[in-house]
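Asker: Input structure.txt, format and content: compact mmCIF, N, CA and C atoms.
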```txt
# COMPACT_ATOMS: atom_id res chain seq x y z
N MET R 1 0.82 -1.16 0.00
CA MET R 1 0.00 0.00 0.00
C MET R 1 0.88 1.24 0.00
N ALA R 2 0.67 2.09 -0.99
CA ALA R 2 1.47 3.30 -1.12
C ALA R 2 0.76 4.46 -0.45
N LEU R 3 1.41 4.98 0.55
CA LEU R 3 0.85 6.14 1.25
C LEU R 3 1.46 7.42 0.67
N LYS R 4 0.57 8.34 0.34
CA LYS R 4 1.05 9.60 -0.20
C LYS R 4 0.96 10.65 0.90
N ARG R 5 2.00 11.39 0.96
CA ARG R 5 2.02 12.46 1.94
C ARG R 5 1.50 13.73 1.23
N ARG R 6 0.51 14.32 1.78
CA ARG R 6 -0.04 15.53 1.18
C ARG R 6 0.57 16.76 1.84
N GLN R 7 1.05 17.64 0.99
CA GLN R 7 1.59 18.89 1.50
C GLN R 7 0.45 19.90 1.54
N ARG R 8 0.27 20.46 2.67
CA ARG R 8 -0.79 21.47 2.79
C ARG R 8 -0.21 22.84 2.44
N ILE R 9 -0.95 23.56 1.62
CA ILE R 9 -0.55 24.91 1.25
C ILE R 9 -1.21 25.87 2.23
N SER R 10 -0.38 26.72 2.79
CA SER R 10 -0.88 27.67 3.78
C SER R 10 -1.62 28.80 3.06
N PRO R 11 -2.85 29.10 3.47
CA PRO R 11 -3.61 30.17 2.82
C PRO R 11 -3.20 31.56 3.31
N GLY R 12 -2.24 31.66 4.19
CA GLY R 12 -1.82 32.96 4.73
C GLY R 12 -1.06 33.79 3.69
N PHE R 13 -1.02 35.09 3.94
CA PHE R 13 -0.35 36.03 3.05
C PHE R 13 0.70 36.77 3.85
N SER R 14 1.91 36.79 3.36
CA SER R 14 3.00 37.47 4.04
C SER R 14 2.99 38.95 3.69
N MET R 15 2.88 39.78 4.71
CA MET R 15 2.83 41.23 4.50
C MET R 15 4.20 41.88 4.60
N SER R 16 5.23 41.13 4.82
CA SER R 16 6.54 41.74 5.04
C SER R 16 7.05 42.50 3.82
N SER R 17 6.83 41.99 2.64
CA SER R 17 7.29 42.71 1.45
C SER R 17 6.45 43.96 1.21
N MET R 18 5.18 43.91 1.56
CA MET R 18 4.30 45.07 1.40
C MET R 18 4.71 46.19 2.36
N THR R 19 5.05 45.86 3.58
CA THR R 19 5.46 46.90 4.53
C THR R 19 6.79 47.51 4.11
N ASP R 20 7.70 46.73 3.54
CA ASP R 20 8.95 47.29 3.04
C ASP R 20 8.69 48.30 1.93
N LEU R 21 7.78 47.96 1.04
CA LEU R 21 7.44 48.85 -0.06
C LEU R 21 6.82 50.15 0.47
N ILE R 22 5.90 50.06 1.39
CA ILE R 22 5.26 51.25 1.97
C ILE R 22 6.30 52.11 2.69
N PHE R 23 7.21 51.50 3.40
CA PHE R 23 8.26 52.22 4.11
C PHE R 23 9.16 52.98 3.13
N LEU R 24 9.53 52.36 2.03
CA LEU R 24 10.36 53.03 1.03
C LEU R 24 9.61 54.19 0.36
N LEU R 25 8.34 54.00 0.08
CA LEU R 25 7.54 55.09 -0.49
C LEU R 25 7.43 56.26 0.48
N LEU R 26 7.25 55.96 1.74
CA LEU R 26 7.16 57.01 2.76
C LEU R 26 8.45 57.82 2.81
N ILE R 27 9.57 57.16 2.80
CA ILE R 27 10.86 57.86 2.82
C ILE R 27 11.03 58.71 1.57
N PHE R 28 10.66 58.15 0.41
CA PHE R 28 10.77 58.89 -0.85
C PHE R 28 9.96 60.18 -0.81
N PHE R 29 8.70 60.11 -0.37
CA PHE R 29 7.85 61.30 -0.36
C PHE R 29 8.29 62.30 0.71
N MET R 30 8.81 61.84 1.81
CA MET R 30 9.31 62.76 2.83
C MET R 30 10.52 63.54 2.32
N ILE R 31 11.39 62.88 1.60
CA ILE R 31 12.59 63.56 1.09
C ILE R 31 12.22 64.53 -0.03
N THR R 32 11.37 64.12 -0.95
CA THR R 32 11.03 65.00 -2.07
C THR R 32 10.17 66.17 -1.63
N SER R 33 9.35 66.02 -0.59
CA SER R 33 8.52 67.13 -0.15
C SER R 33 9.34 68.22 0.51
N THR R 34 10.47 67.90 1.10
CA THR R 34 11.31 68.93 1.71
C THR R 34 12.10 69.70 0.67
N MET R 35 12.20 69.19 -0.55
CA MET R 35 12.93 69.89 -1.60
C MET R 35 12.09 70.94 -2.29
N VAL R 36 10.78 70.93 -2.10
CA VAL R 36 9.90 71.89 -2.74
C VAL R 36 10.00 73.21 -1.99
N SER R 37 10.33 74.28 -2.68
CA SER R 37 10.49 75.59 -2.05
C SER R 37 9.38 76.52 -2.54
N PRO R 38 8.55 77.06 -1.63
CA PRO R 38 7.48 77.94 -2.08
C PRO R 38 8.01 79.29 -2.57
N ASN R 39 9.17 79.71 -2.08
CA ASN R 39 9.77 80.98 -2.51
C ASN R 39 11.12 80.70 -3.14
N ALA R 40 11.18 80.71 -4.44
CA ALA R 40 12.45 80.50 -5.11
C ALA R 40 13.27 81.78 -5.13
N ILE R 41 12.61 82.92 -5.02
CA ILE R 41 13.28 84.21 -4.99
C ILE R 41 13.54 84.56 -3.54
N LYS R 42 14.78 84.86 -3.21
CA LYS R 42 15.15 85.14 -1.83
C LYS R 42 14.71 86.54 -1.45
N VAL R 43 13.84 86.61 -0.45
CA VAL R 43 13.34 87.87 0.07
C VAL R 43 13.42 87.79 1.58
N LEU R 44 14.05 88.78 2.20
CA LEU R 44 14.13 88.85 3.65
C LEU R 44 12.89 89.57 4.14
N LEU R 45 11.94 88.79 4.68
CA LEU R 45 10.67 89.36 5.12
C LEU R 45 10.81 90.03 6.47
N PRO R 46 10.01 91.07 6.72
CA PRO R 46 10.03 91.66 8.06
C PRO R 46 9.37 90.73 9.06
N GLN R 47 9.71 90.93 10.34
CA GLN R 47 9.13 90.09 11.38
C GLN R 47 7.72 90.54 11.70
N GLY R 48 6.90 89.59 12.08
CA GLY R 48 5.54 89.87 12.51
C GLY R 48 5.17 88.96 13.66
N SER R 49 4.27 89.42 14.50
CA SER R 49 3.88 88.61 15.65
C SER R 49 2.71 87.68 15.34
N GLN R 50 1.95 87.99 14.31
CA GLN R 50 0.79 87.18 13.95
C GLN R 50 1.06 86.46 12.64
N GLN R 51 0.56 85.26 12.54
CA GLN R 51 0.64 84.49 11.30
C GLN R 51 -0.78 84.25 10.81
N THR R 52 -0.97 84.35 9.50
CA THR R 52 -2.29 84.15 8.93
C THR R 52 -2.49 82.69 8.55
N SER R 53 -3.73 82.28 8.53
CA SER R 53 -4.04 80.91 8.10
C SER R 53 -4.63 80.88 6.70
N ALA R 54 -4.70 82.05 6.06
CA ALA R 54 -5.26 82.13 4.71
C ALA R 54 -4.27 81.52 3.71
N LYS R 55 -4.78 80.75 2.81
CA LYS R 55 -3.96 80.12 1.78
C LYS R 55 -3.96 81.04 0.56
N PRO R 56 -2.82 81.71 0.26
CA PRO R 56 -2.83 82.62 -0.89
C PRO R 56 -2.85 81.84 -2.20
N MET R 57 -3.49 82.40 -3.17
CA MET R 57 -3.53 81.80 -4.50
C MET R 57 -2.55 82.50 -5.43
N ALA R 58 -2.42 83.82 -5.26
CA ALA R 58 -1.51 84.60 -6.10
C ALA R 58 -0.44 85.21 -5.20
N ARG R 59 0.76 85.34 -5.75
CA ARG R 59 1.86 85.92 -4.99
C ARG R 59 2.48 87.05 -5.80
N ILE R 60 2.72 88.17 -5.12
CA ILE R 60 3.49 89.26 -5.68
C ILE R 60 4.74 89.38 -4.81
N ILE R 61 5.90 89.38 -5.45
CA ILE R 61 7.16 89.41 -4.72
C ILE R 61 7.94 90.63 -5.18
N ILE R 62 8.45 91.39 -4.19
CA ILE R 62 9.31 92.53 -4.48
C ILE R 62 10.63 92.26 -3.78
N ASP R 63 11.70 92.12 -4.57
CA ASP R 63 13.00 91.86 -3.94
C ASP R 63 13.69 93.17 -3.58
N LYS R 64 14.89 93.07 -3.00
CA LYS R 64 15.58 94.26 -2.51
C LYS R 64 16.03 95.19 -3.63
N ASN R 65 16.09 94.70 -4.87
CA ASN R 65 16.45 95.54 -6.02
C ASN R 65 15.23 96.12 -6.71
N LEU R 66 14.07 96.02 -6.07
CA LEU R 66 12.78 96.52 -6.57
C LEU R 66 12.36 95.84 -7.87
N ASN R 67 12.71 94.57 -8.01
CA ASN R 67 12.22 93.76 -9.11
C ASN R 67 10.91 93.12 -8.67
N TYR R 68 9.93 93.13 -9.54
CA TYR R 68 8.61 92.56 -9.24
C TYR R 68 8.49 91.20 -9.89
N TYR R 69 7.86 90.27 -9.17
CA TYR R 69 7.59 88.93 -9.68
C TYR R 69 6.15 88.57 -9.32
N GLY R 70 5.54 87.74 -10.13
CA GLY R 70 4.19 87.28 -9.86
C GLY R 70 4.08 85.79 -10.11
N ALA R 71 3.23 85.14 -9.32
CA ALA R 71 2.98 83.70 -9.49
C ALA R 71 1.56 83.40 -9.05
N PHE R 72 0.97 82.41 -9.68
CA PHE R 72 -0.38 81.97 -9.33
C PHE R 72 -0.33 80.50 -8.95
N GLY R 73 -0.86 80.16 -7.78
CA GLY R 73 -0.89 78.77 -7.32
C GLY R 73 0.51 78.22 -7.14
N ASN R 74 0.78 77.08 -7.75
CA ASN R 74 2.09 76.44 -7.63
C ASN R 74 3.02 76.76 -8.80
N GLU R 75 2.64 77.73 -9.62
CA GLU R 75 3.46 78.09 -10.77
C GLU R 75 4.73 78.80 -10.30
N ASP R 76 5.74 78.80 -11.16
CA ASP R 76 6.97 79.51 -10.87
C ASP R 76 6.76 81.01 -11.01
N GLU R 77 7.59 81.78 -10.29
CA GLU R 77 7.50 83.23 -10.36
C GLU R 77 8.00 83.72 -11.70
N MET R 78 7.28 84.70 -12.24
CA MET R 78 7.71 85.30 -13.50
C MET R 78 7.90 86.80 -13.28
N PRO R 79 8.91 87.39 -13.93
CA PRO R 79 9.17 88.82 -13.75
C PRO R 79 8.03 89.67 -14.29
N LEU R 80 7.74 90.76 -13.59
CA LEU R 80 6.69 91.70 -13.99
C LEU R 80 7.21 93.12 -13.89
N PHE R 81 6.64 94.00 -14.68
CA PHE R 81 6.82 95.43 -14.48
C PHE R 81 5.68 95.91 -13.60
N ILE R 82 5.86 97.06 -12.98
CA ILE R 82 4.85 97.56 -12.04
C ILE R 82 3.50 97.78 -12.75
N ASP R 83 3.52 98.19 -14.01
CA ASP R 83 2.25 98.41 -14.71
C ASP R 83 1.59 97.11 -15.18
N GLU R 84 2.30 95.98 -15.08
CA GLU R 84 1.72 94.69 -15.44
C GLU R 84 1.06 93.98 -14.27
N VAL R 85 1.26 94.50 -13.05
CA VAL R 85 0.75 93.83 -11.85
C VAL R 85 -0.78 93.77 -11.86
N THR R 86 -1.42 94.87 -12.25
CA THR R 86 -2.89 94.91 -12.27
C THR R 86 -3.45 93.85 -13.22
N GLY R 87 -2.94 93.79 -14.43
CA GLY R 87 -3.41 92.80 -15.40
C GLY R 87 -3.14 91.37 -14.94
N PHE R 88 -1.97 91.16 -14.32
CA PHE R 88 -1.64 89.83 -13.82
C PHE R 88 -2.64 89.40 -12.74
N LEU R 89 -2.94 90.29 -11.80
CA LEU R 89 -3.88 89.94 -10.72
C LEU R 89 -5.30 89.77 -11.25
N GLN R 90 -5.68 90.53 -12.25
CA GLN R 90 -7.01 90.37 -12.83
C GLN R 90 -7.13 89.03 -13.55
N ASN R 91 -6.06 88.59 -14.21
CA ASN R 91 -6.06 87.26 -14.85
C ASN R 91 -6.17 86.16 -13.79
N CYS R 92 -5.47 86.34 -12.68
CA CYS R 92 -5.56 85.35 -11.59
C CYS R 92 -6.96 85.32 -11.00
N ALA R 93 -7.57 86.50 -10.86
CA ALA R 93 -8.93 86.57 -10.30
C ALA R 93 -9.95 85.93 -11.24
N ALA R 94 -9.67 85.96 -12.53
CA ALA R 94 -10.58 85.30 -13.48
C ALA R 94 -10.53 83.80 -13.29
N LYS R 95 -9.35 83.26 -12.92
CA LYS R 95 -9.22 81.83 -12.69
C LYS R 95 -9.83 81.42 -11.36
N GLU R 96 -9.63 82.26 -10.33
CA GLU R 96 -10.10 81.95 -8.96
C GLU R 96 -10.66 83.23 -8.34
N PRO R 97 -11.99 83.43 -8.39
CA PRO R 97 -12.58 84.69 -7.90
C PRO R 97 -12.38 84.95 -6.41
N GLU R 98 -12.29 83.92 -5.59
CA GLU R 98 -12.14 84.09 -4.14
C GLU R 98 -10.69 83.95 -3.69
N MET R 99 -9.77 84.43 -4.50
CA MET R 99 -8.35 84.24 -4.18
C MET R 99 -7.85 85.28 -3.18
N TYR R 100 -6.79 84.90 -2.51
CA TYR R 100 -6.03 85.82 -1.67
C TYR R 100 -4.75 86.13 -2.41
N VAL R 101 -4.28 87.36 -2.26
CA VAL R 101 -3.02 87.78 -2.85
C VAL R 101 -2.03 87.97 -1.71
N ALA R 102 -0.91 87.27 -1.77
CA ALA R 102 0.13 87.42 -0.75
C ALA R 102 1.22 88.32 -1.31
N LEU R 103 1.59 89.32 -0.52
CA LEU R 103 2.65 90.25 -0.91
C LEU R 103 3.90 89.92 -0.11
N TYR R 104 4.93 89.47 -0.81
CA TYR R 104 6.23 89.17 -0.21
C TYR R 104 7.16 90.31 -0.59
N ALA R 105 7.45 91.19 0.35
CA ALA R 105 8.33 92.33 0.09
C ALA R 105 9.52 92.25 1.03
N ASP R 106 10.70 92.43 0.46
CA ASP R 106 11.91 92.46 1.27
C ASP R 106 11.80 93.60 2.27
N GLU R 107 12.42 93.45 3.45
CA GLU R 107 12.28 94.47 4.48
C GLU R 107 12.96 95.77 4.11
N SER R 108 13.82 95.76 3.10
CA SER R 108 14.49 96.99 2.67
C SER R 108 13.72 97.74 1.58
N VAL R 109 12.60 97.19 1.13
CA VAL R 109 11.80 97.83 0.09
C VAL R 109 11.13 99.07 0.67
N PRO R 110 11.21 100.21 -0.06
CA PRO R 110 10.54 101.42 0.43
C PRO R 110 9.03 101.20 0.57
N TYR R 111 8.49 101.88 1.55
CA TYR R 111 7.07 101.73 1.86
C TYR R 111 6.18 102.12 0.69
N ARG R 112 6.60 103.08 -0.12
CA ARG R 112 5.77 103.53 -1.25
C ARG R 112 5.53 102.41 -2.26
N GLU R 113 6.50 101.49 -2.40
CA GLU R 113 6.33 100.38 -3.34
C GLU R 113 5.27 99.40 -2.83
N ILE R 114 5.27 99.19 -1.54
CA ILE R 114 4.25 98.31 -0.93
C ILE R 114 2.87 98.95 -1.07
N VAL R 115 2.80 100.25 -0.86
CA VAL R 115 1.52 100.96 -0.97
C VAL R 115 0.99 100.91 -2.40
N ARG R 116 1.87 100.95 -3.39
CA ARG R 116 1.43 100.84 -4.78
C ARG R 116 0.70 99.53 -5.03
N ILE R 117 1.25 98.43 -4.51
CA ILE R 117 0.60 97.12 -4.68
C ILE R 117 -0.69 97.06 -3.88
N LEU R 118 -0.68 97.62 -2.67
CA LEU R 118 -1.90 97.64 -1.87
C LEU R 118 -3.00 98.45 -2.54
N ASN R 119 -2.63 99.54 -3.22
CA ASN R 119 -3.62 100.33 -3.95
C ASN R 119 -4.22 99.56 -5.12
N VAL R 120 -3.38 98.80 -5.82
CA VAL R 120 -3.88 97.96 -6.92
C VAL R 120 -4.89 96.95 -6.38
N ALA R 121 -4.56 96.33 -5.25
CA ALA R 121 -5.46 95.34 -4.65
C ALA R 121 -6.75 96.01 -4.18
N ASN R 122 -6.65 97.19 -3.59
CA ASN R 122 -7.83 97.89 -3.09
C ASN R 122 -8.75 98.33 -4.23
N GLU R 123 -8.17 98.84 -5.31
CA GLU R 123 -8.98 99.28 -6.45
C GLU R 123 -9.73 98.13 -7.11
N ASN R 124 -9.15 96.94 -7.08
CA ASN R 124 -9.76 95.78 -7.72
C ASN R 124 -10.46 94.85 -6.73
N HIS R 125 -10.54 95.24 -5.48
CA HIS R 125 -11.24 94.49 -4.42
C HIS R 125 -10.65 93.09 -4.23
N PHE R 126 -9.32 93.01 -4.25
CA PHE R 126 -8.65 91.75 -3.97
C PHE R 126 -8.38 91.66 -2.47
N LYS R 127 -8.41 90.45 -1.94
CA LYS R 127 -8.06 90.22 -0.54
C LYS R 127 -6.55 90.09 -0.46
N MET R 128 -5.92 90.96 0.32
CA MET R 128 -4.46 91.03 0.36
C MET R 128 -3.95 90.56 1.71
N VAL R 129 -2.85 89.82 1.67
CA VAL R 129 -2.17 89.33 2.87
C VAL R 129 -0.71 89.76 2.75
N LEU R 130 -0.17 90.38 3.80
CA LEU R 130 1.24 90.74 3.82
C LEU R 130 2.02 89.62 4.47
N ALA R 131 3.01 89.11 3.79
CA ALA R 131 3.79 88.00 4.31
C ALA R 131 4.90 88.53 5.22
N THR R 132 5.06 87.88 6.36
CA THR R 132 6.12 88.21 7.30
C THR R 132 6.81 86.92 7.73
N ARG R 133 7.96 87.06 8.37
CA ARG R 133 8.62 85.88 8.91
C ARG R 133 8.33 85.82 10.40
N ARG R 134 8.46 84.65 10.96
CA ARG R 134 8.18 84.47 12.37
C ARG R 134 9.23 85.17 13.22
N PRO R 135 8.82 85.66 14.37
CA PRO R 135 9.82 86.30 15.24
C PRO R 135 10.82 85.31 15.76
N ASP R 136 12.05 85.80 16.00
CA ASP R 136 13.09 84.93 16.56
C ASP R 136 12.74 84.61 18.01
N LYS R 137 12.87 83.34 18.37
CA LYS R 137 12.61 82.93 19.75
C LYS R 137 13.84 83.17 20.58
N LYS R 138 13.64 83.73 21.74
CA LYS R 138 14.77 84.03 22.62
C LYS R 138 14.83 83.06 23.77
```
Transcribe the structure of this file into structure tokens.
Answerer:
Amino acid sequence: MALKRRQRISPGFSMSSMTDLIFLLLIFFMITSTMVSPNAIKVLLPQGSQQTSAKPMARIIIDKNLNYYGAFGNEDEMPLFIDEVTGFLQNCAAKEPEMYVALYADESVPYREIVRILNVANENHFKMVLATRRPDKK
């Protein structure tokens, strides 16, 4: 009489390879997310005690050499002349009517340049946010 030995196949599923894959993906996304810079143009912002929670859609940047830049959403900053700022913001408002405009001005920029942008926003009824850096902790 020939006895056959039956091998039982385990119905279990090993999750060890799946957890390794998830762990590698987590590391990849953590590293790549720290490389994304919201401000590619270096601007030394003035200090402020309050931080806003509003998410700006459009950005106007004035660097220390009084060069103007504009960006909408996650787009890269593009150079603007002062007379192009109004048209740029109106185009952004056409895409997103409830947008906030964030003004990033270097702390060495004369106040009159900031007021010019604020006047453009006021004339067109845009919601404006002035960007500042956090105060130094002592």
Asker: Give me the residues within 8 Å of R:Pro110 as a list in words, counting all atoms listed in the file and dropping any in the same chain fewer than 5 places off.
Answerer: Lys64, Leu66 and Val115 of chain R
Asker: Could you check how far atom CA of R:Ser10 sits from atom CA of R:Phe23, in Å to one decimal?
Answerer: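 Atom CA of R:Ser10 sits 26.2 Å away from atom CA of R:Phe23.
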Asker: Find the residue from R:Ala131, R:Val85, R:Met99, R:Leu26 that sits nearest to R:Ile117; use all atoms listed in the file when measuring.
Answerer: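 Ranked by minimum distance to R:Ile117, first place goes to R:Val85.
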Asker: Would you work out the distance separating atom CA of R:Glu123 from atom CA of R:Glu98, expressed in Å to one decimal?
Answerer: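 Atom CA of R:Glu123 sits 15.7 Å away from atom CA of R:Glu98.
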Asker: Residues at most 7 Å from R:Tyr100, counting all atoms listed in the file, excluding those fewer than 3 positions away in the same chain, as number ranges by chain?
Answerer: R: 55-59, 97, 126-129
Asker: I'd like to know which of R:Pro79, R:Gly87, R:Asp63, R:Ala94 is closest to R:Glu113, using only C-alpha atoms.
Answerer: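 Answer, going by the shortest atom-to-atom distance: R:Asp63.
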Asker: What does the structure give for the distance between atom CA of R:Leu103 and atom CA of R:Phe29, in Å to one decimal?
Answerer: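 Atom CA of R:Leu103 sits 29.4 Å away from atom CA of R:Phe29.
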Asker: Considering only C-alpha atoms, can you say which of R:Glu77, R:Asn67, R:His125, R:Val109 comes closest to R:Gln90?
Answerer: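 Closest to R:Gln90, using only C-alpha atoms: R:His125.
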Asker: For stretch 119-129 of chain R, where the input has fewer atoms than it should, I would like all heavy atoms rebuilt and written as a short mmCIF file (atom, residue, chain, number, x, y, z; two decimals), in the coordinates of the input.
Answerer:
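Dumped everything to rebuild.cif:
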```cif
data_model
loop_
_atom_site.label_atom_id
_atom_site.label_comp_id
_atom_site.auth_asym_id
_atom_site.auth_seq_id
_atom_site.Cartn_x
_atom_site.Cartn_y
_atom_site.Cartn_z
N ASN R 119 -2.63 99.54 -3.22
CA ASN R 119 -3.62 100.33 -3.95
C ASN R 119 -4.22 99.56 -5.12
O ASN R 119 -5.42 99.63 -5.38
CB ASN R 119 -3.00 101.64 -4.45
CG ASN R 119 -2.82 102.65 -3.35
OD1 ASN R 119 -3.47 102.58 -2.31
ND2 ASN R 119 -1.89 103.58 -3.56
N VAL R 120 -3.38 98.80 -5.82
CA VAL R 120 -3.88 97.96 -6.92
C VAL R 120 -4.89 96.95 -6.38
O VAL R 120 -5.97 96.74 -6.95
CB VAL R 120 -2.71 97.24 -7.63
CG1 VAL R 120 -3.23 96.15 -8.56
CG2 VAL R 120 -1.86 98.24 -8.39
N ALA R 121 -4.56 96.33 -5.25
CA ALA R 121 -5.46 95.34 -4.65
C ALA R 121 -6.75 96.01 -4.18
O ALA R 121 -7.84 95.46 -4.35
CB ALA R 121 -4.77 94.65 -3.48
N ASN R 122 -6.65 97.19 -3.59
CA ASN R 122 -7.83 97.89 -3.09
C ASN R 122 -8.75 98.33 -4.23
O ASN R 122 -9.97 98.19 -4.15
CB ASN R 122 -7.40 99.09 -2.24
CG ASN R 122 -8.56 99.72 -1.52
OD1 ASN R 122 -9.49 99.04 -1.11
ND2 ASN R 122 -8.49 101.03 -1.35
N GLU R 123 -8.17 98.84 -5.31
CA GLU R 123 -8.98 99.28 -6.45
C GLU R 123 -9.73 98.13 -7.11
O GLU R 123 -10.81 98.31 -7.64
CB GLU R 123 -8.08 99.96 -7.48
CG GLU R 123 -7.53 101.29 -7.03
CD GLU R 123 -6.41 101.79 -7.93
OE1 GLU R 123 -6.07 101.09 -8.92
OE2 GLU R 123 -5.86 102.87 -7.64
N ASN R 124 -9.15 96.94 -7.08
CA ASN R 124 -9.76 95.78 -7.72
C ASN R 124 -10.46 94.85 -6.73
O ASN R 124 -10.89 93.76 -7.12
CB ASN R 124 -8.69 95.00 -8.49
CG ASN R 124 -8.18 95.79 -9.67
OD1 ASN R 124 -8.87 95.96 -10.66
ND2 ASN R 124 -6.96 96.30 -9.56
N HIS R 125 -10.54 95.24 -5.48
CA HIS R 125 -11.24 94.49 -4.42
C HIS R 125 -10.65 93.09 -4.23
O HIS R 125 -11.38 92.11 -4.06
CB HIS R 125 -12.74 94.40 -4.71
CG HIS R 125 -13.38 95.74 -4.92
ND1 HIS R 125 -13.56 96.64 -3.91
CD2 HIS R 125 -13.83 96.34 -6.05
CE1 HIS R 125 -14.13 97.74 -4.39
NE2 HIS R 125 -14.29 97.59 -5.69
N PHE R 126 -9.32 93.01 -4.25
CA PHE R 126 -8.65 91.75 -3.97
C PHE R 126 -8.38 91.66 -2.47
O PHE R 126 -8.12 92.67 -1.82
CB PHE R 126 -7.31 91.63 -4.71
CG PHE R 126 -7.43 91.66 -6.20
CD1 PHE R 126 -6.61 92.46 -6.96
CD2 PHE R 126 -8.36 90.87 -6.87
CE1 PHE R 126 -6.70 92.49 -8.33
CE2 PHE R 126 -8.47 90.89 -8.24
CZ PHE R 126 -7.63 91.70 -8.98
N LYS R 127 -8.41 90.45 -1.94
CA LYS R 127 -8.06 90.22 -0.54
C LYS R 127 -6.55 90.09 -0.46
O LYS R 127 -5.97 89.23 -1.10
CB LYS R 127 -8.74 88.96 -0.02
CG LYS R 127 -10.25 89.04 -0.06
CD LYS R 127 -10.85 87.71 0.27
CE LYS R 127 -12.34 87.75 -0.01
NZ LYS R 127 -12.92 86.43 -0.08
N MET R 128 -5.92 90.96 0.32
CA MET R 128 -4.46 91.03 0.36
C MET R 128 -3.95 90.56 1.71
O MET R 128 -4.54 90.84 2.75
CB MET R 128 -4.01 92.46 0.11
CG MET R 128 -2.53 92.68 0.11
SD MET R 128 -1.67 91.93 -1.27
CE MET R 128 -2.03 93.04 -2.57
N VAL R 129 -2.85 89.82 1.67
CA VAL R 129 -2.17 89.33 2.87
C VAL R 129 -0.71 89.76 2.75
O VAL R 129 -0.08 89.53 1.72
CB VAL R 129 -2.25 87.79 2.97
CG1 VAL R 129 -1.48 87.29 4.16
CG2 VAL R 129 -3.69 87.33 3.03
#
```
